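Have a look at the structure below before the remarks.
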Amino acid sequence: MVTLDLIGSSPKFRALMTEMERVAPVDSAVLIQGETGTGKEVIARAIHEASPRRNQRFVALNCAAIPSALLESELFGHDRGAFTGACTQTKGRFQMADGGTLFLDEIGDMPLELQPKLLRALQEREFERLGSAQTIRVDVRVVAATNQDLEQLVAKKLFRADLFYRLNVIPLSLPPLRERVQDIPLLTEFFVAKFAARLNKRIDSIPDEVMGVLKAHDWPGNIRELQNFVERAVLFSPGPALRLPLDLTQTMTQTVTQRSESAARTLADADREHILETLKQTDWLIGGQDGAANRLGLPRTTLIYKMRKLGIEIRRSSRSRALRQSPDERCRAAVNC
Ligand SMILES: Nc1ncnc2c1ncn2[C@@H]1O[C@H](COP(=O)(O)OP(=O)(O)OP(=O)(O)O)[C@@H](O)[C@H]1O
Ligand SMILES: [Mg+2]
């Protein structure tokens, strides 16, 4: 059975759990789609844990975080001398995951030129290491995830249709948190208990008005955003009742109003708005404890990557130039949108 902390009781969450346990035992590829922070990686791990492969490895690779020139070697490995600097023979993630599950995160960022080799590895379960003619056979179950609309990428010829169909054997769509508001109280209680224990604080009640604010917000950053928000609320609560910092409550109320005006936004628009909002809150600080990356629960490099991908231009602000000697300076960016 699944042993991960997967919290929820809404009909959408329960339907997802039923679907997840139905697909876990088979070896077919799974494609998980959903907005940022909806739990794609936790579901991928849960599928592995609920599968007969649970005693073998779960190997994850974020296709967006590796430069495309290195991705082939990361996936398939390389032989000694395959390229400058390849001093030893190295196993790729496919081989590491042999017998287990390979999680290909942000699959929409897989470079087109690598896609035929990936397709062959999925279909024939065989590939060659870079610089080697020896064919390696593996038994790997692939679970892929993306917050991009892959069908749209296929239509724009940015993603191969044959690879899309090969990955999309079992599609799983994760609902955004605003479509499962019923789960907010349970998730909040879970995160309050988790962070109170971690921060060594005693919080034993969540006032109704606090829960009301949390339920009214539409959480564009989904569960990750709720989690980070609760962490800060626990930190700032002076007594045993959970209290929301005033400035954050105001920001949330404004965001709800703004968001209800743009119901027809795309997933990318939602990500973009959320990142911009967070950058504004942190005065464009990206890295460090108080930076936007930390608030969004993302590594700094991933946030910078996402900003570039979403067309959020990063440039030095006059303020950052003034701070040139400061260690924070490298992380401070002005956003021109
Ligand atoms: N059902 C859940 N119960 C408890 N915690 C959850 C649940 N779903 C997600 N989380 C938590 O929310 C955070 C975000 O989850 P995850 O990293 O899986 O999202 P994601 O969809 O992969 O996001 P991204 O697209 O940004 O990579 C994690 O800290 C995870 O533990
Ligand atoms: Mg993820």
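Scheme for the structure tokens: letters A, B, ... for chains in order shown; per-chain residue numbers from 1; ligand numbers from 1 in order shown.
Around ligand 2, the neighbouring residues within 8 Å, taking only C-alpha atoms and all ligand atoms, come to Thr36, Gly37, Gly39, Lys40, Glu41, Asp105, Glu106, Ala145 and Thr146 of chain A.
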Residues of chain A that have any atom at most 7 Å from an atom of ligand 1: could you tabulate them with the shortest-distance atom pair and the distance in Å to one decimal, using only C-alpha atoms and all ligand atoms, ordered by chain and increasing number, as JSON lines?
```
{"residue": "A:Asp5", "atom": "CA", "partner": "ligand 1", "partner_atom_place_in_ligand_line": "4 (C)", "distance": 5.5}
{"residue": "A:Leu6", "atom": "CA", "partner": "ligand 1", "partner_atom_place_in_ligand_line": "3 (N)", "distance": 3.7}
{"residue": "A:Ile7", "atom": "CA", "partner": "ligand 1", "partner_atom_place_in_ligand_line": "3 (N)", "distance": 3.7}
{"residue": "A:Gly8", "atom": "CA", "partner": "ligand 1", "partner_atom_place_in_ligand_line": "1 (N)", "distance": 5.7}
{"residue": "A:Gly34", "atom": "CA", "partner": "ligand 1", "partner_atom_place_in_ligand_line": "21 (O)", "distance": 6.3}
{"residue": "A:Glu35", "atom": "CA", "partner": "ligand 1", "partner_atom_place_in_ligand_line": "25 (O)", "distance": 6.0}
{"residue": "A:Thr36", "atom": "CA", "partner": "ligand 1", "partner_atom_place_in_ligand_line": "25 (O)", "distance": 3.4}
{"residue": "A:Gly37", "atom": "CA", "partner": "ligand 1", "partner_atom_place_in_ligand_line": "23 (O)", "distance": 3.5}
{"residue": "A:Thr38", "atom": "CA", "partner": "ligand 1", "partner_atom_place_in_ligand_line": "21 (O)", "distance": 4.1}
{"residue": "A:Gly39", "atom": "CA", "partner": "ligand 1", "partner_atom_place_in_ligand_line": "18 (O)", "distance": 3.2}
{"residue": "A:Lys40", "atom": "CA", "partner": "ligand 1", "partner_atom_place_in_ligand_line": "21 (O)", "distance": 3.7}
{"residue": "A:Glu41", "atom": "CA", "partner": "ligand 1", "partner_atom_place_in_ligand_line": "18 (O)", "distance": 3.6}
{"residue": "A:Val42", "atom": "CA", "partner": "ligand 1", "partner_atom_place_in_ligand_line": "18 (O)", "distance": 4.2}
{"residue": "A:Ile43", "atom": "CA", "partner": "ligand 1", "partner_atom_place_in_ligand_line": "18 (O)", "distance": 6.6}
{"residue": "A:Thr146", "atom": "CA", "partner": "ligand 1", "partner_atom_place_in_ligand_line": "25 (O)", "distance": 6.7}
{"residue": "A:Asn147", "atom": "CA", "partner": "ligand 1", "partner_atom_place_in_ligand_line": "25 (O)", "distance": 5.7}
{"residue": "A:Leu187", "atom": "CA", "partner": "ligand 1", "partner_atom_place_in_ligand_line": "4 (C)", "distance": 6.3}
{"residue": "A:Ile223", "atom": "CA", "partner": "ligand 1", "partner_atom_place_in_ligand_line": "12 (O)", "distance": 4.6}
{"residue": "A:Arg224", "atom": "CA", "partner": "ligand 1", "partner_atom_place_in_ligand_line": "13 (C)", "distance": 4.0}
{"residue": "A:Gln227", "atom": "CA", "partner": "ligand 1", "partner_atom_place_in_ligand_line": "12 (O)", "distance": 6.7}
```
Kindly export the residues of the current selection with N, CA and C atoms, as a compact mmCIF listing (two decimals), in the first residue's frame.
```txt
# COMPACT_ATOMS: atom_id res chain seq x y z
N ASP A 5 2.60 10.62 2.40
CA ASP A 5 1.60 11.49 2.98
C ASP A 5 0.77 12.11 1.87
N LEU A 6 -0.31 11.48 1.55
CA LEU A 6 -1.20 12.02 0.52
C LEU A 6 -2.50 12.37 1.22
N ILE A 7 -2.74 13.66 1.35
CA ILE A 7 -3.89 14.11 2.14
C ILE A 7 -5.01 14.56 1.22
N GLY A 8 -6.23 14.21 1.56
CA GLY A 8 -7.38 14.66 0.79
C GLY A 8 -8.56 13.75 1.03
N GLY A 34 -0.94 18.50 -14.90
CA GLY A 34 -1.57 19.33 -13.87
C GLY A 34 -0.74 20.58 -13.65
N GLU A 35 -1.40 21.58 -13.11
CA GLU A 35 -0.72 22.85 -12.83
C GLU A 35 0.43 22.64 -11.84
N THR A 36 1.26 23.64 -11.74
CA THR A 36 2.38 23.57 -10.80
C THR A 36 1.87 23.37 -9.36
N GLY A 37 2.57 22.52 -8.62
CA GLY A 37 2.26 22.33 -7.20
C GLY A 37 1.04 21.47 -6.91
N THR A 38 0.49 20.79 -7.91
CA THR A 38 -0.71 19.98 -7.67
C THR A 38 -0.38 18.59 -7.13
N GLY A 39 0.92 18.24 -7.12
CA GLY A 39 1.30 16.94 -6.54
C GLY A 39 1.70 15.90 -7.58
N LYS A 40 2.19 16.34 -8.73
CA LYS A 40 2.52 15.37 -9.79
C LYS A 40 3.63 14.42 -9.33
N GLU A 41 4.65 14.99 -8.67
CA GLU A 41 5.76 14.12 -8.25
C GLU A 41 5.32 13.16 -7.13
N VAL A 42 4.52 13.66 -6.19
CA VAL A 42 4.09 12.74 -5.11
C VAL A 42 3.23 11.62 -5.68
N ILE A 43 2.41 11.94 -6.67
CA ILE A 43 1.57 10.88 -7.26
C ILE A 43 2.45 9.87 -8.01
N THR A 146 4.05 16.74 -16.61
CA THR A 146 4.24 18.07 -17.20
C THR A 146 3.15 19.02 -16.74
N ASN A 147 3.50 20.32 -16.69
CA ASN A 147 2.43 21.30 -16.48
C ASN A 147 2.17 22.06 -17.77
N LEU A 187 -5.74 19.50 4.52
CA LEU A 187 -4.36 19.81 4.16
C LEU A 187 -3.77 20.82 5.14
N ILE A 223 -1.03 23.09 -3.98
CA ILE A 223 -0.72 22.57 -2.64
C ILE A 223 0.62 23.10 -2.14
N ARG A 224 1.57 23.27 -3.05
CA ARG A 224 2.88 23.79 -2.61
C ARG A 224 2.71 25.19 -2.03
N GLN A 227 1.11 24.97 1.35
CA GLN A 227 2.08 24.45 2.31
C GLN A 227 3.04 25.55 2.77
```
* To do: Do a neighbour search on Cys63 in chain A at 9 Å with only C-alpha atoms, toss out local chain neighbours closer than 6 positions, and write the hits as a list in words.
  =>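 Contacts, in chain order: Leu71, Leu104, Asp105, Glu106, Ile107, Gly108, Asp109, Met110 and Pro111 of chain A.
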What are the closest atom pairs, with distances in Å to one decimal, for all residues of range 151-205 of chain A lying within 7 Å of range 210-219 of chain A? Consider only C-alpha atoms, order rows by chain and residue number, and present the result as a tab-separated table.
```
residue	atom	partner	partner_atom	distance
A:Leu177	CA	A:Trp219	CA	6.5
A:Arg178	CA	A:Asp218	CA	5.0
A:Val181	CA	A:Lys215	CA	6.1
A:Ile184	CA	A:Lys215	CA	6.3
A:Pro185	CA	A:Met211	CA	6.9
```
* To do: Compare A:Leu158, A:Val169, A:Lys201, A:Asp139 by their minimum atom-to-atom distance to Val23 in chain A, counting only C-alpha atoms, and give me the closest one.
  =>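 Using only C-alpha atoms, the shortest distance to Val23 in chain A belongs to A:Val169.
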* Asked: What is the CA of Leu279 in chain A to CA of Phe191 in chain A distance in Å?
  -> 23.7 Å
* To do: Please identify all polymer residues within 12 Å of Arg22 in chain A, counting only C-alpha atoms, omitting same-chain residues fewer than 4 positions from it, and present them as JSON, numbers by chain.
  => {"A": [15, 16, 17, 18, 26, 27, 28, 30, 46, 47, 50, 51, 170, 172]}
* To do: Please give the complete set of residues from range 27-100 of chain A that DSSP, run on the backbone, assigns to helix (DSSP H, G or I), formatted as a PyMOL selection string.
  => chain A and resi 40-49+68-76+93-96
Take the residues that were just selected and, keeping N, CA and C atoms, output them as an mmCIF file, in the first residue's frame.
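The resulting selection_16.cif:
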```cif
data_model
loop_
_atom_site.group_PDB
_atom_site.id
_atom_site.type_symbol
_atom_site.label_atom_id
_atom_site.label_comp_id
_atom_site.auth_asym_id
_atom_site.auth_seq_id
_atom_site.Cartn_x
_atom_site.Cartn_y
_atom_site.Cartn_z
ATOM 1 N N LYS A 40 2.187 16.340 -8.731
ATOM 2 C CA LYS A 40 2.525 15.375 -9.789
ATOM 3 C C LYS A 40 3.631 14.418 -9.329
ATOM 4 N N GLU A 41 4.650 14.987 -8.672
ATOM 5 C CA GLU A 41 5.756 14.118 -8.255
ATOM 6 C C GLU A 41 5.323 13.160 -7.133
ATOM 7 N N VAL A 42 4.524 13.661 -6.191
ATOM 8 C CA VAL A 42 4.092 12.739 -5.111
ATOM 9 C C VAL A 42 3.226 11.619 -5.677
ATOM 10 N N ILE A 43 2.410 11.935 -6.669
ATOM 11 C CA ILE A 43 1.566 10.883 -7.258
ATOM 12 C C ILE A 43 2.448 9.869 -8.012
ATOM 13 N N ALA A 44 3.467 10.380 -8.701
ATOM 14 C CA ALA A 44 4.374 9.468 -9.418
ATOM 15 C C ALA A 44 5.030 8.509 -8.421
ATOM 16 N N ARG A 45 5.466 9.042 -7.276
ATOM 17 C CA ARG A 45 6.078 8.180 -6.254
ATOM 18 C C ARG A 45 5.055 7.205 -5.683
ATOM 19 N N ALA A 46 3.830 7.693 -5.506
ATOM 20 C CA ALA A 46 2.779 6.827 -4.960
ATOM 21 C C ALA A 46 2.486 5.669 -5.924
ATOM 22 N N ILE A 47 2.513 5.961 -7.214
ATOM 23 C CA ILE A 47 2.290 4.896 -8.211
ATOM 24 C C ILE A 47 3.380 3.836 -8.062
ATOM 25 N N HIS A 48 4.611 4.300 -7.931
ATOM 26 C CA HIS A 48 5.732 3.364 -7.763
ATOM 27 C C HIS A 48 5.557 2.538 -6.487
ATOM 28 N N GLU A 49 5.205 3.220 -5.391
ATOM 29 C CA GLU A 49 5.065 2.534 -4.095
ATOM 30 C C GLU A 49 3.929 1.524 -4.099
ATOM 31 N N SER A 68 20.257 20.676 -22.485
ATOM 32 C CA SER A 68 19.914 19.648 -23.483
ATOM 33 C C SER A 68 21.131 18.862 -23.972
ATOM 34 N N ALA A 69 22.307 19.508 -24.001
ATOM 35 C CA ALA A 69 23.492 18.804 -24.493
ATOM 36 C C ALA A 69 23.869 17.633 -23.564
ATOM 37 N N LEU A 70 23.469 17.715 -22.295
ATOM 38 C CA LEU A 70 23.841 16.671 -21.323
ATOM 39 C C LEU A 70 22.733 15.648 -21.096
ATOM 40 N N LEU A 71 21.555 15.964 -21.628
ATOM 41 C CA LEU A 71 20.399 15.129 -21.298
ATOM 42 C C LEU A 71 20.519 13.708 -21.845
ATOM 43 N N GLU A 72 21.074 13.570 -23.037
ATOM 44 C CA GLU A 72 21.190 12.235 -23.634
ATOM 45 C C GLU A 72 22.067 11.349 -22.754
ATOM 46 N N SER A 73 23.175 11.907 -22.297
ATOM 47 C CA SER A 73 24.072 11.141 -21.440
ATOM 48 C C SER A 73 23.414 10.834 -20.090
ATOM 49 N N GLU A 74 22.653 11.801 -19.551
ATOM 50 C CA GLU A 74 21.948 11.565 -18.280
ATOM 51 C C GLU A 74 20.951 10.414 -18.412
ATOM 52 N N LEU A 75 20.258 10.385 -19.552
ATOM 53 C CA LEU A 75 19.229 9.360 -19.743
ATOM 54 C C LEU A 75 19.818 7.995 -20.068
ATOM 55 N N PHE A 76 20.785 7.994 -20.984
ATOM 56 C CA PHE A 76 21.236 6.708 -21.531
ATOM 57 C C PHE A 76 22.661 6.328 -21.121
ATOM 58 N N ARG A 93 20.085 7.178 -16.462
ATOM 59 C CA ARG A 93 18.957 6.954 -15.544
ATOM 60 C C ARG A 93 18.117 5.746 -15.956
ATOM 61 N N PHE A 94 18.035 5.479 -17.280
ATOM 62 C CA PHE A 94 17.270 4.311 -17.720
ATOM 63 C C PHE A 94 17.836 3.041 -17.100
ATOM 64 N N GLN A 95 19.162 2.936 -17.129
ATOM 65 C CA GLN A 95 19.793 1.724 -16.603
ATOM 66 C C GLN A 95 19.686 1.673 -15.069
ATOM 67 N N MET A 96 19.815 2.857 -14.442
ATOM 68 C CA MET A 96 19.702 2.903 -12.971
ATOM 69 C C MET A 96 18.314 2.444 -12.517
#
```
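Relative to CA of Ala97 in chain A, CA of Arg80 in chain A is found at 21.1 Å.
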* To do: From a DSSP calculation on the backbone, collect every residue of range 43-280 of chain A in strand (DSSP E or B) and output the set as a count of residues only.
  => 33
* For CA of Leu31 in chain A and CA of Thr188 in chain A, determine how far apart the two atoms are, in Å to one decimal place. =>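 Between CA of Leu31 in chain A and CA of Thr188 in chain A the gap works out to 28.0 Å.
With only C-alpha atoms as the atoms that count, the minimum distance from Glu151 in chain A to the choices A:Ser9, A:Thr302, A:Ser132, A:Gln33 is reached by A:Gln33.
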